[in-house]
Amino acid sequence: MSYTIDGETGPWELVIGLEVHAQVVSNAKLFSGAATEFGAEPNSQVSFIDAGFPGMLPVINRECVAQAVRTGLGLNAQVNLWSRFDRKNYFYADLPQGYQISQFAHPIIGTGEIEIALQDGSTKVIGITRLHLEQDAGKSLHDQHPSKSFIDLNRSGIALMEIVSEPDMRSPEEAGAYLTKLRQILRYLGTCDGNMEEGSMRADVNVSVRKAGEGFRTRCEVKNVNSIRFVMQAVEAEAWRQIEVWESGGTVEQETRLFDTGRGITRSMRSKEDAHDYRYFPDPDLPPLVFEQSWVDELKAALPELPDQRRARYVADYGVTPYDAHVLTLEKETAAYYEAVAKGRDAKQAANWVMGDLFAAINRTKTSIAEPPVSAADLGALLDLMADSTLSGKLAKEVFEVMVETGRAPGVIVEERGLRQVTDTGAIETVIDEVLAKNADKVAEYRSGKDKLFGFFVGQTMRAMQGKGNPALVNEVLKKKLG
Amino acid sequence: MSLDTATVRRVAALARIRLEEEEVARVQGELNGILGWIEQLQAVNTDGVEPMAGGNPEGIAAMPLRDDVVTDGGQAAKVLANAPDREGEYFGVPKVVE
Amino acid sequence: MHPTDFTIAGAVAALEEGVISAEELTRAHVAAIEALNPKINALITVTAEHAIEAAKASDTRRARGEAGPLEGIPLAVKDLFCTEGVPTTAGSKILEGFVPPYESTVTTRLKRDGAVFVGKANLDEFAMGSSNLTSAYGGVLNPWSRRNDPQARLVPGGSSGGSAAAVAARMALGATGTDTGGSIRQPAAFCGIAGIKPTYGRCSRFGIVAFASSLDQAGPFARTVEDCAVLLRSMAGHDPKDSTSADKPVPDFVASCGQSVKGLRIGVPREYHIDGMPAEIEKLWRQGLEWLRDAGAEIVEISLPHAEYALPTYYIVAPAEASSNLARYDGVRFGKRVAESNSDLRDLYERTRAAGFGPEVRRRIMIGTYVLSAGYYDAYYLKAQKVRALIARDFREAWSKVDAIVTPATPSAAFAEGENSDDPLQMYLNDVFTVTANLAGLPGLSVPAGLDPQGLPLGLQVLGRPFDEETVFAVGAALERAADFKALPGMRAGA
């Protein structure tokens, strides 16, 4: 059943395309040697090139080009060995040159695709139209002075990849899944840190609505949406707005809008009204960007494993379910953690611990997989203590909680607290004999057919042993003695 | 192609050059004079000709690539030194309402 | 001999021999500037104190045996080159008060080689003009005057009018210029000196205020072809800060000046015989070819069929690039700001740019904006780029038949202020012979070769293959030797 919104005139389909601006991970800017670090003092990471001073000229950063190529490869896209930079001309306070150097006619990366996973377990392929490199603008601060805006050019000139999708998405969920997947791929590749709070990834969302079987209607672009959740909300809000316009007999005008996160609605951006004539032309300061296929091949050979590949490997090599593999590969830090625990151990058990106890502990302690409350090595050691029967599953959970609290290694905790499980059959027999002697009446009942009492004996034995009896052995000895 | 006054005003606005009402007719005349003269290019047959972008006379240059090393910045005082309105470590402009 | 009468090569020798010190040489030029600049207005900013300090430092270096190839040579710098700590105006009010915190690559190299800068030379605003009259800092007086109308105020040409006038009037031994459509070669011809626009990419554009990036090239002015070779040797060379800079070795241009032209094939483009060209220019052209034939060169008629479209092509490409290059002058980070107390940002931009740019610059920005705008791009800009490709192709075909091309430098001698000024198109025609070299990216040298009936200098232009300035210098030097041009402008130091 495809997603629709029911208006007064019946169901409407959504058509969604995303333009994602992803900040390239690099030391220096796209065309200058200034640094790219987030949060530096205002205007401290600015070269005269970034500030558009007279006579300044751009020279491209090789690593930014490599990052775009890696991303293209990760999106299964065509890499163009010849591309070109154009100037996009418009005036804005935080655009010092009066133009943005971008790639309009000849982008570095052509068509590609990514597969997204949906809640119902299905997958869908979303087309990538293109990826191009461009400069970021500076930042305007509007809240520092009653009548002025302040301009900080630290961000000016940082390399961005603009990744444009086909209008292939049909629901807020698909838009969210696309952005999630794209972010995941970029983070695996190390080409963008995907940090949406710091603005490293921002999405322009193109939305239109239509009746079943129609061609495309006019779309609107919702600019600069900075979280996956907001993208999904913006899609829905904008679709509703357009449906109401159409249904009230109006016409949707093609325009740029902003998503008001507080009110959950989109509103028109008046200031961009006349900015549509960008007068693109080839930047005469920059010859074409040309490189060899052999360089692309080198970059490809050195590419890290991507989420889809990793997921397939987990299913094949570790025997985890496709869903678990999906969860474990969502964040590359999770995957790395998981692999460190699973390697050489029971991989399914490792998956259960990571997705169960570890995730719960992270939530509870408000930490993250990047800085986990229990290290992968310690969790691995805990699993080893179960494998060699030092700990029962139940004891292991207890030890894990202590690990979360104290940050200490499981072996140390076991020794200190004497939590080692008892596997000495003789010792277990002694305890069981005592239990049976104390409960002669129950033994008689059991023997006369009240099988359910077996659990009672197990419980009594374990209690007597302070939970440290090896459950399998306790069962075995009890059966024998009661038998 | 000949520019009407609306186009002259639009072009001036795009170029962010204030045009006083009394200047429009004169500027229109000048621009049309130049554009009319440029019009002769339409007589040249350029079918199948690759446009020449950039000034390289040999037409084969590719752009050089710089290393990803921080070599610049850390000079806010110099960057701000020429500003007509400097506000602390920022450039100041009239408030922009989005 | 007055110290301002040295050639650069001569001054280098005199300094080397201790005949004169750099300080004496510089002081002589500073005195010439003090005497002449109030009349000629060749320099917008005079850096006399800097220059004398630099000259003293130069003498010290020489005494230590660390003399560079231009050690102690006083030069003027077109005020389009950014010079650290020295105001740089581009001839525009919009850069009022701008003091660059950086130095252009070309001036860095000249300083490295020991040159002493006496001041920043006047120019057409943002290098847009052929008369120097569009400068916000006033016109420049050509040091030459008409025989029968000595009171007429002649222009030095443009855009590098101040550079050419300063060298002609002996306020400097040489100067830097830039040439986007003829801005070195035309003023050189008008002022009776030599000037070369090298191949696009030969000199770095880093730190030069951009006019039209795909056409702009820096080059030197001097009173001899050899001196131009000396200066270009220092100015040229690959610069990693300019992506369009050519990564090629810099040849010994001075040696080229002594090369024979025997056996060289010299092209004469048929299309350059334009209607209405003054007879004396036709005559000088024929004379120049005659000299080269006498020196053993072969004269070959060639065709550059698209040359007649070069000017309209230029007047699309250059304004288009300029409209974008000049967007950064917005009153926010440097230069002039004009705003009312209630101005919003847009009003600030529009007032700043209307007040900061002069009429010619505003006109070209608007033309450039229009030809790039939606719906007109293909008809104008793309079309011009295609015609530009055809113009370049014409030259490539010519190079299979000839080694250099010789033409007049300008269609007339220097004109007077007020002439040619009613109609911008009339002014644009000044570049008719020079502009093709910019469109095709080729080297072009202007060499003084004779006088018109009014006693005003006329120049011949030598064009060469890409990166073959050597042949251009050889042919230029041969023309110079044959012409034996000895005339001097009336207004000059020591006169």
# chains A, B, ... in the order shown; residues from 1 in each chain; ligands from 1

$ select_by_dssp --residues "segment 147-260 of chain A" --states "helix (DSSP H, G or I)" --output "PyMOL selection string"
chain A and resi 172-189+228-247

$ write_last_selection --atoms "C-alpha atoms" --output "PDB file, in the first residue's frame"
ATOM      1  CA  PRO A 172       8.249  11.231   4.641  1.00  0.00           C
ATOM      2  CA  GLU A 173       9.558   7.854   5.727  1.00  0.00           C
ATOM      3  CA  GLU A 174      11.379   7.362   2.433  1.00  0.00           C
ATOM      4  CA  ALA A 175      12.873  10.830   2.647  1.00  0.00           C
ATOM      5  CA  GLY A 176      14.058  10.082   6.169  1.00  0.00           C
ATOM      6  CA  ALA A 177      15.432   6.695   5.163  1.00  0.00           C
ATOM      7  CA  TYR A 178      17.250   8.217   2.201  1.00  0.00           C
ATOM      8  CA  LEU A 179      18.910  10.853   4.326  1.00  0.00           C
ATOM      9  CA  THR A 180      19.771   8.261   6.981  1.00  0.00           C
ATOM     10  CA  LYS A 181      21.349   6.000   4.402  1.00  0.00           C
ATOM     11  CA  LEU A 182      23.202   8.781   2.666  1.00  0.00           C
ATOM     12  CA  ARG A 183      24.582   9.999   5.969  1.00  0.00           C
ATOM     13  CA  GLN A 184      25.596   6.461   6.836  1.00  0.00           C
ATOM     14  CA  ILE A 185      27.477   6.034   3.548  1.00  0.00           C
ATOM     15  CA  LEU A 186      29.275   9.380   3.904  1.00  0.00           C
ATOM     16  CA  ARG A 187      30.298   8.547   7.457  1.00  0.00           C
ATOM     17  CA  TYR A 188      31.555   5.099   6.466  1.00  0.00           C
ATOM     18  CA  LEU A 189      33.579   6.693   3.678  1.00  0.00           C
ATOM     19  CA  ILE A 228      16.388  13.895   9.588  1.00  0.00           C
ATOM     20  CA  ARG A 229      13.335  14.310  11.773  1.00  0.00           C
ATOM     21  CA  PHE A 230      12.777  17.853  10.489  1.00  0.00           C
ATOM     22  CA  VAL A 231      13.102  16.655   6.895  1.00  0.00           C
ATOM     23  CA  MET A 232      10.286  14.196   7.506  1.00  0.00           C
ATOM     24  CA  GLN A 233       8.186  16.851   9.229  1.00  0.00           C
ATOM     25  CA  ALA A 234       8.900  19.424   6.522  1.00  0.00           C
ATOM     26  CA  VAL A 235       7.835  17.002   3.793  1.00  0.00           C
ATOM     27  CA  GLU A 236       4.552  16.378   5.506  1.00  0.00           C
ATOM     28  CA  ALA A 237       3.896  20.008   6.366  1.00  0.00           C
ATOM     29  CA  GLU A 238       4.708  21.203   2.871  1.00  0.00           C
ATOM     30  CA  ALA A 239       2.613  18.445   1.269  1.00  0.00           C
ATOM     31  CA  TRP A 240      -0.360  19.398   3.409  1.00  0.00           C
ATOM     32  CA  ARG A 241       0.084  23.048   2.512  1.00  0.00           C
ATOM     33  CA  GLN A 242       0.158  22.287  -1.198  1.00  0.00           C
ATOM     34  CA  ILE A 243      -2.855  19.989  -0.977  1.00  0.00           C
ATOM     35  CA  GLU A 244      -4.808  22.750   0.712  1.00  0.00           C
ATOM     36  CA  VAL A 245      -3.750  25.228  -1.988  1.00  0.00           C
ATOM     37  CA  TRP A 246      -4.806  22.891  -4.801  1.00  0.00           C
ATOM     38  CA  GLU A 247      -8.028  21.874  -3.109  1.00  0.00           C
TER      39      GLU A 247
END

$ residues_around --residues "Ala61 of chain B" --least-positions-apart "4" --cutoff "10 Å" --atoms "only C-alpha atoms" --output "list in words"
Leu286, Pro287, Pro288, Leu289 and Val290 of chain A; Gly54, Asn56 and Pro57 of chain B; Ser243, Thr244, Ser245, Ala246 and Asp247 of chain C

$ interface_residues --of "chain B" --to "chain C" --cutoff "8 Å" --atoms "only C-alpha atoms" --output "VMD selection string"
chain B and resid 11 to 19 27 30 to 31 33 to 35 37 to 38 40 to 42 44 46 49 to 58 63 to 64 78 80 82 to 85 91 to 96

$ closest_residue --among "A:Gln254, A:Thr36, A:Ser149, A:Gln103" --to "chain C" --atoms "only C-alpha atoms"
A:Ser149

$ residues_around --residues "Pro187 of chain C" --least-positions-apart "5" --cutoff "9 Å" --atoms "only C-alpha atoms" --output "list in words"
Ser130, Ser131, Val155, Pro156, Gly157, Gly158, Ser159, Ser160, Gly161, Gly162, Ser163, Ala164, Ala165, Gly182, Gly192, Ile193, Gly195 and Ala414 of chain C

$ write_last_selection --atoms "C-alpha atoms" --output "short mmCIF file (atom, residue, chain, number, x, y, z; two decimals), in the first residue's frame"
data_model
loop_
_atom_site.label_atom_id
_atom_site.label_comp_id
_atom_site.auth_asym_id
_atom_site.auth_seq_id
_atom_site.Cartn_x
_atom_site.Cartn_y
_atom_site.Cartn_z
CA SER C 130 41.81 53.33 -23.69
CA SER C 131 42.50 56.91 -22.60
CA VAL C 155 45.81 61.17 -23.66
CA PRO C 156 48.53 58.59 -22.93
CA GLY C 157 46.23 55.78 -23.96
CA GLY C 158 44.96 53.21 -21.53
CA SER C 159 44.34 51.50 -19.48
CA SER C 160 47.97 51.55 -18.30
CA GLY C 161 48.25 55.25 -19.19
CA GLY C 162 50.08 56.32 -16.05
CA SER C 163 52.69 53.58 -16.44
CA ALA C 164 53.38 54.53 -20.06
CA ALA C 165 53.49 58.27 -19.37
CA GLY C 182 45.52 46.31 -25.51
CA GLY C 192 56.59 56.27 -27.81
CA ILE C 193 57.92 53.44 -25.67
CA GLY C 195 55.61 47.33 -23.97
CA ALA C 414 47.37 59.68 -29.39
#

$ select_by_dssp --residues "chain B" --states "strand (DSSP E or B)" --output "number ranges by chain"
B: 65-66, 72, 86-87, 90-94

$ write_last_selection --atoms "C-alpha atoms" --output "mmCIF file, in the first residue's frame"
data_model
loop_
_atom_site.group_PDB
_atom_site.id
_atom_site.type_symbol
_atom_site.label_atom_id
_atom_site.label_comp_id
_atom_site.auth_asym_id
_atom_site.auth_seq_id
_atom_site.Cartn_x
_atom_site.Cartn_y
_atom_site.Cartn_z
ATOM 1 C CA LEU B 65 45.859 20.650 -7.295
ATOM 2 C CA ARG B 66 47.071 21.894 -3.939
ATOM 3 C CA ASP B 72 46.630 30.231 5.656
ATOM 4 C CA ARG B 86 34.152 46.368 11.908
ATOM 5 C CA GLU B 87 32.236 45.008 14.885
ATOM 6 C CA TYR B 90 33.109 40.520 12.733
ATOM 7 C CA PHE B 91 32.175 42.522 9.664
ATOM 8 C CA GLY B 92 29.061 44.583 10.320
ATOM 9 C CA VAL B 93 26.213 45.099 7.839
ATOM 10 C CA PRO B 94 22.674 46.423 8.231
#

$ residues_around --residues "segment 91-99 of chain A" --least-positions-apart "5" --cutoff "7 Å" --atoms "only C-alpha atoms" --output "MDAnalysis selection string"
(chainID A and resid 51:52 137:140 151 153) or (chainID C and resid 327:328)

$ residues_around --residues "Ala255 of chain C" --least-positions-apart "4" --cutoff "10 Å" --atoms "only C-alpha atoms" --output "ChimeraX atom specification"
/C:226,229-230,251,259,470,473-474

$ write_last_selection --atoms "C-alpha atoms" --output "PDB file, in the first residue's frame"
ATOM      1  CA  GLU C 226      65.709  44.888 -24.409  1.00  0.00           C
ATOM      2  CA  ALA C 229      62.988  41.662 -21.882  1.00  0.00           C
ATOM      3  CA  VAL C 230      64.948  42.383 -18.698  1.00  0.00           C
ATOM      4  CA  PRO C 251      63.699  31.722 -21.337  1.00  0.00           C
ATOM      5  CA  GLN C 259      68.838  37.055 -32.363  1.00  0.00           C
ATOM      6  CA  GLU C 470      61.645  34.880 -27.824  1.00  0.00           C
ATOM      7  CA  PHE C 473      61.549  39.953 -28.874  1.00  0.00           C
ATOM      8  CA  ALA C 474      63.844  39.121 -31.775  1.00  0.00           C
TER       9      ALA C 474
END

$ atom_distance --atom1 "atom CA of Ser171 of chain A" --atom2 "atom CA of Gln309 of chain A"
26.2 Å

$ closest_residue --among "A:Leu306, A:Ala360, A:Val46, A:Val79" --to "Ala335 of chain A" --atoms "only C-alpha atoms"
A:Leu306

$ closest_residue --among "A:Tyr337, A:Tyr3, A:Phe281, A:Phe454" --to "chain B" --atoms "only C-alpha atoms"
A:Phe281

$ interface_residues --of "chain A" --to "chain B" --cutoff "9 Å" --atoms "only C-alpha atoms" --output "number ranges by chain"
A: 26-36, 41-48, 51, 53, 59-65, 90-91, 93, 140, 142, 145-153, 269-271, 274-275, 277, 282-291

$ residues_around --residues "Ile52 of chain C" --least-positions-apart "6" --cutoff "10 Å" --atoms "only C-alpha atoms" --output "mmCIF file with C-alpha atoms, in the first residue's frame"
data_model
loop_
_atom_site.group_PDB
_atom_site.id
_atom_site.type_symbol
_atom_site.label_atom_id
_atom_site.label_comp_id
_atom_site.auth_asym_id
_atom_site.auth_seq_id
_atom_site.Cartn_x
_atom_site.Cartn_y
_atom_site.Cartn_z
ATOM 1 C CA ALA C 22 70.821 53.193 -6.342
ATOM 2 C CA GLU C 23 70.049 56.024 -3.942
ATOM 3 C CA GLU C 24 71.255 58.653 -6.438
ATOM 4 C CA LEU C 25 69.338 56.992 -9.237
ATOM 5 C CA THR C 26 66.180 56.834 -7.158
ATOM 6 C CA ARG C 27 66.534 60.406 -5.886
ATOM 7 C CA VAL C 30 61.869 61.099 -7.194
ATOM 8 C CA SER C 58 69.682 48.022 -2.410
ATOM 9 C CA GLY C 72 68.327 49.496 -7.566
ATOM 10 C CA PRO C 74 63.341 52.558 -10.040
ATOM 11 C CA VAL C 116 62.715 49.996 -6.226
ATOM 12 C CA PHE C 117 59.094 51.148 -6.514
ATOM 13 C CA VAL C 118 58.619 54.890 -6.842
#

$ atom_distance --atom1 "atom CA of Gly177 of chain C" --atom2 "atom CA of Lys120 of chain C"
10.7 Å

$ atom_distance --atom1 "atom CA of Val300 of chain C" --atom2 "atom CA of Gly219 of chain C"
28.1 Å

$ residues_around --residues "Phe359 of chain A" --least-positions-apart "6" --cutoff "12 Å" --atoms "only C-alpha atoms" --output "PyMOL selection string"
chain A and resi 327-328+334+337-338+351-353+365-370+372-374+404

$ closest_residue --among "C:Thr176, C:Thr7, C:Thr434, C:Thr83" --to "chain A" --atoms "only C-alpha atoms"
C:Thr83

$ decode --residues "segment 19-36 of chain C" --atoms "N, CA and C atoms" --output "short mmCIF file (atom, residue, chain, number, x, y, z; two decimals), in the first residue's frame"
data_model
loop_
_atom_site.label_atom_id
_atom_site.label_comp_id
_atom_site.auth_asym_id
_atom_site.auth_seq_id
_atom_site.Cartn_x
_atom_site.Cartn_y
_atom_site.Cartn_z
N VAL C 19 79.28 53.78 -11.05
CA VAL C 19 79.16 55.12 -11.64
C VAL C 19 78.09 55.91 -10.90
N ILE C 20 77.08 55.19 -10.43
CA ILE C 20 75.97 55.83 -9.73
C ILE C 20 75.48 54.86 -8.65
N SER C 21 74.92 55.38 -7.59
CA SER C 21 74.34 54.50 -6.56
C SER C 21 72.84 54.39 -6.80
N ALA C 22 72.27 53.37 -6.22
CA ALA C 22 70.82 53.19 -6.34
C ALA C 22 70.11 54.39 -5.71
N GLU C 23 70.68 54.89 -4.61
CA GLU C 23 70.05 56.02 -3.94
C GLU C 23 70.05 57.25 -4.86
N GLU C 24 71.19 57.50 -5.52
CA GLU C 24 71.26 58.65 -6.44
C GLU C 24 70.27 58.48 -7.59
N LEU C 25 70.23 57.27 -8.11
CA LEU C 25 69.34 56.99 -9.24
C LEU C 25 67.88 57.20 -8.82
N THR C 26 67.55 56.70 -7.63
CA THR C 26 66.18 56.83 -7.16
C THR C 26 65.85 58.30 -6.84
N ARG C 27 66.78 58.99 -6.20
CA ARG C 27 66.53 60.41 -5.89
C ARG C 27 66.31 61.23 -7.15
N ALA C 28 67.04 60.89 -8.22
CA ALA C 28 66.85 61.61 -9.49
C ALA C 28 65.43 61.38 -10.01
N HIS C 29 64.95 60.16 -9.85
CA HIS C 29 63.59 59.87 -10.33
C HIS C 29 62.54 60.48 -9.42
N VAL C 30 62.81 60.47 -8.12
CA VAL C 30 61.87 61.10 -7.19
C VAL C 30 61.76 62.60 -7.51
N ALA C 31 62.90 63.20 -7.82
CA ALA C 31 62.89 64.63 -8.19
C ALA C 31 62.09 64.84 -9.46
N ALA C 32 62.28 63.95 -10.42
CA ALA C 32 61.52 64.05 -11.68
C ALA C 32 60.02 63.93 -11.41
N ILE C 33 59.67 63.03 -10.51
CA ILE C 33 58.26 62.84 -10.17
C ILE C 33 57.71 64.10 -9.51
N GLU C 34 58.48 64.65 -8.57
CA GLU C 34 58.02 65.86 -7.89
C GLU C 34 57.81 67.00 -8.87
N ALA C 35 58.67 67.06 -9.88
CA ALA C 35 58.55 68.13 -10.86
C ALA C 35 57.43 67.90 -11.86
N LEU C 36 57.28 66.67 -12.27
CA LEU C 36 56.38 66.40 -13.41
C LEU C 36 55.02 65.85 -13.03
#
